[in-house]
Structures are given as C-alpha cells and as structure tokens.
$ cat work_18.cif   # mmCIF, C-alpha atoms
data_structure
#
loop_
_atom_site.label_atom_id
_atom_site.label_comp_id
_atom_site.auth_asym_id
_atom_site.auth_seq_id
_atom_site.Cartn_x
_atom_site.Cartn_y
_atom_site.Cartn_z
CA MET A 1 44.90 161.55 95.90
CA MET A 2 44.27 159.32 98.94
CA LEU A 3 42.32 160.56 101.98
CA GLU A 4 42.20 158.81 105.37
CA ALA A 5 38.85 158.53 107.18
CA ILE A 6 38.01 157.04 110.59
CA SER A 7 34.61 155.74 111.68
CA CYS A 8 33.46 153.85 114.76
CA GLY A 9 30.54 151.50 115.23
CA GLY A 10 28.85 148.92 117.35
CA VAL A 11 27.94 145.27 117.18
CA VAL A 12 24.96 145.58 119.52
CA ILE A 13 23.73 142.27 120.96
CA TYR A 14 20.63 141.94 123.13
CA LYS A 15 19.33 138.53 124.24
CA GLY A 16 21.45 136.83 121.57
CA LYS A 17 20.25 139.00 118.68
CA VAL A 18 22.28 141.49 116.62
CA LEU A 19 21.13 145.02 115.73
CA LEU A 20 21.06 145.78 111.98
CA LEU A 21 19.96 148.70 109.81
CA TYR A 22 18.47 148.57 106.32
CA LYS A 23 19.51 151.41 103.99
CA ASN A 24 17.33 152.34 101.03
CA GLN A 25 18.28 155.59 99.30
CA ASN A 26 15.64 157.08 97.01
CA GLY A 27 14.08 153.67 96.43
CA ARG A 28 17.47 152.12 95.63
CA TYR A 29 18.51 149.02 97.61
CA MET A 30 21.63 149.81 99.63
CA GLY A 31 21.66 146.78 101.94
CA TRP A 32 21.81 145.79 105.61
CA VAL A 33 24.61 147.23 107.75
CA MET A 34 25.61 147.70 111.38
CA PRO A 35 25.53 151.20 112.90
CA LYS A 36 28.71 153.22 112.41
CA GLY A 37 29.81 156.72 111.53
CA ALA A 38 32.51 159.34 111.34
CA LEU A 39 34.70 160.44 114.20
CA GLU A 40 33.93 164.06 115.14
CA SER A 41 36.44 166.57 116.46
CA GLY A 42 37.22 166.05 120.15
CA GLU A 43 35.53 162.65 120.38
CA THR A 44 37.12 159.40 121.48
CA TYR A 45 36.49 156.26 119.43
CA LYS A 46 34.17 154.97 122.18
CA GLN A 47 32.17 158.22 122.25
CA THR A 48 31.79 158.13 118.46
CA ALA A 49 30.63 154.51 118.45
CA LEU A 50 28.02 155.15 121.17
CA ARG A 51 26.79 158.37 119.51
CA GLU A 52 26.47 156.76 116.09
CA VAL A 53 24.53 153.78 117.46
CA ARG A 54 22.18 156.17 119.28
CA GLU A 55 21.74 158.51 116.28
CA GLU A 56 21.23 155.83 113.65
CA THR A 57 19.08 153.41 115.68
CA GLY A 58 17.75 155.21 118.77
CA VAL A 59 19.42 152.52 120.90
CA HIS A 60 21.11 153.53 124.16
CA ALA A 61 23.94 150.99 124.20
CA ARG A 62 26.83 150.28 126.55
CA ILE A 63 30.28 149.18 125.45
CA VAL A 64 31.38 145.75 126.57
CA GLN A 65 34.78 145.73 124.83
CA TYR A 66 36.74 146.63 121.72
CA ILE A 67 36.42 144.00 118.98
CA GLY A 68 38.78 145.21 116.26
CA LYS A 69 38.88 147.23 113.08
CA THR A 70 37.96 146.83 109.45
CA GLN A 71 39.54 148.70 106.56
CA TYR A 72 38.43 149.36 103.01
CA HIS A 73 38.84 151.84 100.14
CA PHE A 74 36.26 153.57 98.00
CA ARG A 75 36.22 156.30 95.39
CA GLY A 76 34.96 159.74 96.36
CA ASN A 77 34.33 162.55 93.88
CA GLU A 78 37.97 163.12 92.97
CA GLU A 79 39.92 160.99 95.43
CA VAL A 80 40.28 157.52 96.88
CA ILE A 81 39.23 157.27 100.52
CA SER A 82 40.92 154.78 102.83
CA LYS A 83 38.48 154.11 105.67
CA THR A 84 39.21 152.44 109.00
CA VAL A 85 36.24 151.46 111.17
CA HIS A 86 36.79 150.66 114.87
CA TRP A 87 34.16 148.25 116.24
CA TYR A 88 32.89 147.66 119.78
CA LEU A 89 30.82 144.82 121.21
CA MET A 90 27.85 146.52 122.87
CA THR A 91 24.71 145.62 124.77
CA THR A 92 21.44 147.39 125.57
CA ASP A 93 18.33 146.95 127.73
CA SER A 94 15.58 146.38 125.15
CA PHE A 95 14.72 145.53 121.56
CA TYR A 96 13.57 149.13 120.95
CA CYS A 97 15.11 150.71 117.87
CA LYS A 98 14.14 153.38 115.35
CA PRO A 99 15.97 153.85 112.02
CA GLN A 100 17.32 157.34 111.29
CA ALA A 101 15.36 158.48 108.21
CA GLU A 102 17.75 161.39 107.52
CA GLU A 103 20.49 158.85 106.77
CA PHE A 104 18.13 156.85 104.51
CA PHE A 105 17.68 153.99 106.98
CA ALA A 106 14.29 152.43 106.22
CA ASP A 107 14.31 149.66 108.86
CA ALA A 108 16.13 148.54 111.98
CA GLY A 109 15.85 145.40 114.05
CA PHE A 110 17.51 142.68 116.06
CA TYR A 111 18.24 139.43 114.23
CA LYS A 112 19.50 135.98 115.17
CA GLN A 113 23.23 135.65 114.49
CA HIS A 114 22.86 133.42 111.41
CA GLU A 115 20.15 135.71 109.97
CA ALA A 116 22.31 138.79 110.57
CA TYR A 117 25.28 137.10 108.90
CA HIS A 118 23.28 136.43 105.71
CA LEU A 119 21.58 139.84 105.70
CA LEU A 120 24.75 141.93 106.07
CA LYS A 121 25.86 143.38 102.74
CA PHE A 122 29.58 143.75 103.36
CA HIS A 123 32.04 140.90 103.95
CA ASP A 124 34.11 142.89 106.48
CA GLU A 125 30.98 143.58 108.59
CA LYS A 126 30.06 139.87 108.46
CA GLN A 127 33.54 139.02 109.76
CA ILE A 128 33.52 141.57 112.61
CA MET A 129 29.96 140.57 113.60
CA TRP A 130 31.07 136.91 113.72
CA LYS A 131 34.09 137.82 115.87
CA ALA A 132 31.88 139.87 118.25
CA TYR A 133 29.37 137.03 118.51
CA LEU A 134 32.11 134.54 119.41
CA GLU A 135 33.24 136.92 122.18
CA TYR A 136 29.63 137.36 123.34
CA ASN A 137 29.25 133.55 123.58
CA ALA A 138 32.54 133.25 125.49
CA LEU A 139 31.38 135.91 127.99
CA LYS A 140 28.02 134.16 128.37
CA ARG A 141 29.74 130.83 129.09
CA THR A 142 31.81 132.39 131.88
CA LYS A 143 28.73 134.18 133.26
CA ASP A 144 30.55 137.52 132.79
CA TRP A 145 27.93 138.76 130.30
CA ASN A 146 24.96 138.79 132.72
CA LEU A 147 27.02 139.80 135.75
CA ASN A 148 28.74 142.63 133.88
CA ASN A 149 25.47 143.85 132.40
CA LYS A 150 24.02 144.25 135.88
CA LEU A 151 27.09 145.75 137.56
CA HIS A 152 30.00 146.96 135.47
CA PHE A 153 28.46 148.24 132.25
CA LYS A 154 25.93 150.51 133.95
CA SER A 155 28.85 152.70 135.06
CA MET A 156 30.35 153.15 131.56
#

$ encode --input "work_18.cif" --output "structure tokens"
Amino acid sequence: MMLEAISCGGVVIYKGKVLLLYKNQNGRYMGWVMPKGALESGETYKQTALREVREETGVHARIVQYIGKTQYHFRGNEEVISKTVHWYLMTTDSFYCKPQAEEFFADAGFYKQHEAYHLLKFHDEKQIMWKAYLEYNALKRTKDWNLNNKLHFKSM
C-alpha cells in the first residue's frame, strides 16, 4: 500500500549562513537536516513551514519566497510512504536557535553555504538548499534582499 504525505520546510538564511539541525536519536547518528515537518489540518503550506521552523529551531523566520519541492519514498511499518516536501526561502533577525530535544535534535546552527552543503545528509536537501542560496544571491545583487527585509517581509 502507498500513502501520500506532505511536509513543508524552510531554507533559513541569515547574513549568508544557512540554518541546519543535527539529529541524534538514542545515541545513533541521524545526520544534519533543514527544518521541516508535517502539514496539520487547516494549515496552509506557508503556515506549516513557519511553524515547523519555529518548533524545531526556535527561530522566528519570515518567508521570502517559494523555492520548490522535493519528493522521496520510504518504508513505514506496513506501507510505502510517498512524501512531498514544499520548501521556502526564509530569513530571520538573529543567529539565535535552539534545537527541539523532543524531536531528537541535538544541535542547531547557521553554517556557511559550502559547509551546509557538505553537512546535509540527504541529496534532495542539498539540491534545494543550493537552489535557495542561488536565489538569495540573486536577491542580494539586486538589493531586494536588504530592502525587502526592512519593509516587505515584516508584514508577512
């Protein structure tokens, strides 16, 4: 049996650095990931992405724009789950972050783009982070990043 699942997450960039989480479950290495989680009833994709970033990292982020989606399959207890993750480029106002222990996150931090790329465990997250970073650089070149952070994104 195949089940469909939807999650939403954020590629959070502050001062050129990307927010990552380190998952370690019961002393077992799980790897570095970006914040994401399941869509809850009544939520929009944007609301889910912002809530998951806040819950998993303590970061109060703002959405800049939609980046795209990743898709993968994994085996559950008795079924195969087809998961789609919708990603948003986000920004925040500080480097403050706190990993959510209840979800087995042992560390959280902001990393330079090339460090984040090598730390990330999953290929699809590396690709979406790279795409978000290219968009971030394009916005910085046109001065939209700093202008929008001061004006537009505060209202979202």

$ closest_atom_pairs --input "work_18.cif" --of "region 50-145 of chain A" --to "region 22-45 of chain A" --cutoff "6 Å" --atoms "all atoms listed in the file" --output "Markdown table"
| residue | atom | partner | partner_atom | distance |
| --- | --- | --- | --- | --- |
| A:Glu52 | CA | A:Lys36 | CA | 5.6 |
| A:Val53 | CA | A:Pro35 | CA | 5.3 |
| A:Phe104 | CA | A:Gln25 | CA | 5.4 |
| A:Phe105 | CA | A:Lys23 | CA | 4.4 |
| A:Ala106 | CA | A:Tyr22 | CA | 5.7 |
| A:Asp107 | CA | A:Tyr22 | CA | 5.0 |
| A:Leu119 | CA | A:Trp32 | CA | 6.0 |
| A:Leu120 | CA | A:Trp32 | CA | 4.9 |
| A:Lys121 | CA | A:Gly31 | CA | 5.5 |

$ residues_around --input "work_18.cif" --residues "Val59 (chain A)" --least-positions-apart "4" --cutoff "10 Å" --atoms "only C-alpha atoms" --output "list in words"
Val12, Leu19, Leu50, Arg51, Glu52, Val53, Arg54, Glu55, Thr91, Thr92, Asp93, Ser94, Phe95, Tyr96, Cys97, Lys98 and Pro99 of chain A

$ atom_distance --input "work_18.cif" --atom1 "CA of Lys126 (chain A)" --atom2 "CA of Gln100 (chain A)"
21.8 Å

$ resolve_selection --input "work_18.cif" --expression "the PyMOL selection byres ((chain A and resi 67-70) around 9)" --output "PyMOL selection string"
chain A and resi 8+11+65-66+71-72+83-89+124-125+127-128+131-132+135

$ atom_distance --input "work_18.cif" --atom1 "CA of His73 (chain A)" --atom2 "CA of Gly9 (chain A)"
17.2 Å

$ resolve_selection --input "work_18.cif" --expression "the PyMOL selection byres ((chain A and resi 76-79) around 12)" --output "ChimeraX atom specification"
/A:1-5,73-75,80-83

$ atom_distance --input "work_18.cif" --atom1 "CA of Glu102 (chain A)" --atom2 "CA of Ile13 (chain A)"
24.1 Å

$ residues_around --input "work_18.cif" --residues "region 109-115 of chain A" --least-positions-apart "5" --cutoff "6 Å" --atoms "all atoms listed in the file" --output "CSV table (one decimal) with C-alpha atoms, keeping the file's coordinate frame"
chain,number,residue,atom,x,y,z
A,17,LYS,CA,20.2,139.0,118.7
A,18,VAL,CA,22.3,141.5,116.6
A,19,LEU,CA,21.1,145.0,115.7
A,20,LEU,CA,21.1,145.8,112.0

$ decode --input "work_18.cif" --residues "region 1-22 of chain A" --atoms "N, CA and C atoms" --output "short mmCIF file (atom, residue, chain, number, x, y, z; two decimals), in the first residue's frame"
data_model
loop_
_atom_site.label_atom_id
_atom_site.label_comp_id
_atom_site.auth_asym_id
_atom_site.auth_seq_id
_atom_site.Cartn_x
_atom_site.Cartn_y
_atom_site.Cartn_z
N MET A 1 0.84 -1.18 0.00
CA MET A 1 0.00 0.00 0.00
C MET A 1 0.89 1.25 0.00
N MET A 2 0.46 2.27 -0.74
CA MET A 2 1.21 3.53 -0.84
C MET A 2 0.41 4.64 -0.17
N LEU A 3 1.04 5.37 0.74
CA LEU A 3 0.42 6.51 1.40
C LEU A 3 1.11 7.79 0.94
N GLU A 4 0.32 8.86 0.79
CA GLU A 4 0.86 10.17 0.42
C GLU A 4 1.03 11.00 1.68
N ALA A 5 2.16 11.71 1.80
CA ALA A 5 2.40 12.59 2.95
C ALA A 5 2.96 13.91 2.44
N ILE A 6 2.54 15.01 3.08
CA ILE A 6 3.03 16.34 2.71
C ILE A 6 3.68 16.98 3.92
N SER A 7 4.88 17.53 3.69
CA SER A 7 5.59 18.30 4.70
C SER A 7 6.00 19.63 4.07
N CYS A 8 6.34 20.58 4.93
CA CYS A 8 6.81 21.89 4.48
C CYS A 8 7.99 22.29 5.34
N GLY A 9 8.93 23.02 4.73
CA GLY A 9 10.11 23.41 5.49
C GLY A 9 10.73 24.70 4.99
N GLY A 10 11.79 25.08 5.67
CA GLY A 10 12.44 26.34 5.33
C GLY A 10 13.93 26.22 5.15
N VAL A 11 14.42 26.93 4.13
CA VAL A 11 15.85 27.17 3.97
C VAL A 11 16.05 28.57 4.54
N VAL A 12 16.45 28.63 5.82
CA VAL A 12 16.56 29.89 6.53
C VAL A 12 17.98 30.43 6.38
N ILE A 13 18.10 31.63 5.80
CA ILE A 13 19.41 32.25 5.59
C ILE A 13 19.46 33.57 6.34
N TYR A 14 20.50 33.72 7.16
CA TYR A 14 20.73 34.97 7.88
C TYR A 14 22.20 35.34 7.71
N LYS A 15 22.44 36.54 7.19
CA LYS A 15 23.80 37.04 6.95
C LYS A 15 24.64 36.02 6.19
N GLY A 16 24.02 35.40 5.18
CA GLY A 16 24.74 34.49 4.29
C GLY A 16 24.91 33.08 4.82
N LYS A 17 24.39 32.79 6.00
CA LYS A 17 24.54 31.45 6.58
C LYS A 17 23.21 30.73 6.65
N VAL A 18 23.27 29.39 6.52
CA VAL A 18 22.08 28.54 6.41
C VAL A 18 21.85 27.80 7.73
N LEU A 19 20.60 27.77 8.17
CA LEU A 19 20.21 27.10 9.40
C LEU A 19 20.10 25.59 9.19
N LEU A 20 20.81 24.81 10.03
CA LEU A 20 20.75 23.36 9.98
C LEU A 20 20.48 22.79 11.37
N LEU A 21 19.94 21.57 11.39
CA LEU A 21 19.70 20.82 12.61
C LEU A 21 20.44 19.49 12.56
N TYR A 22 20.96 19.08 13.72
CA TYR A 22 21.63 17.78 13.82
C TYR A 22 20.74 16.84 14.62
#
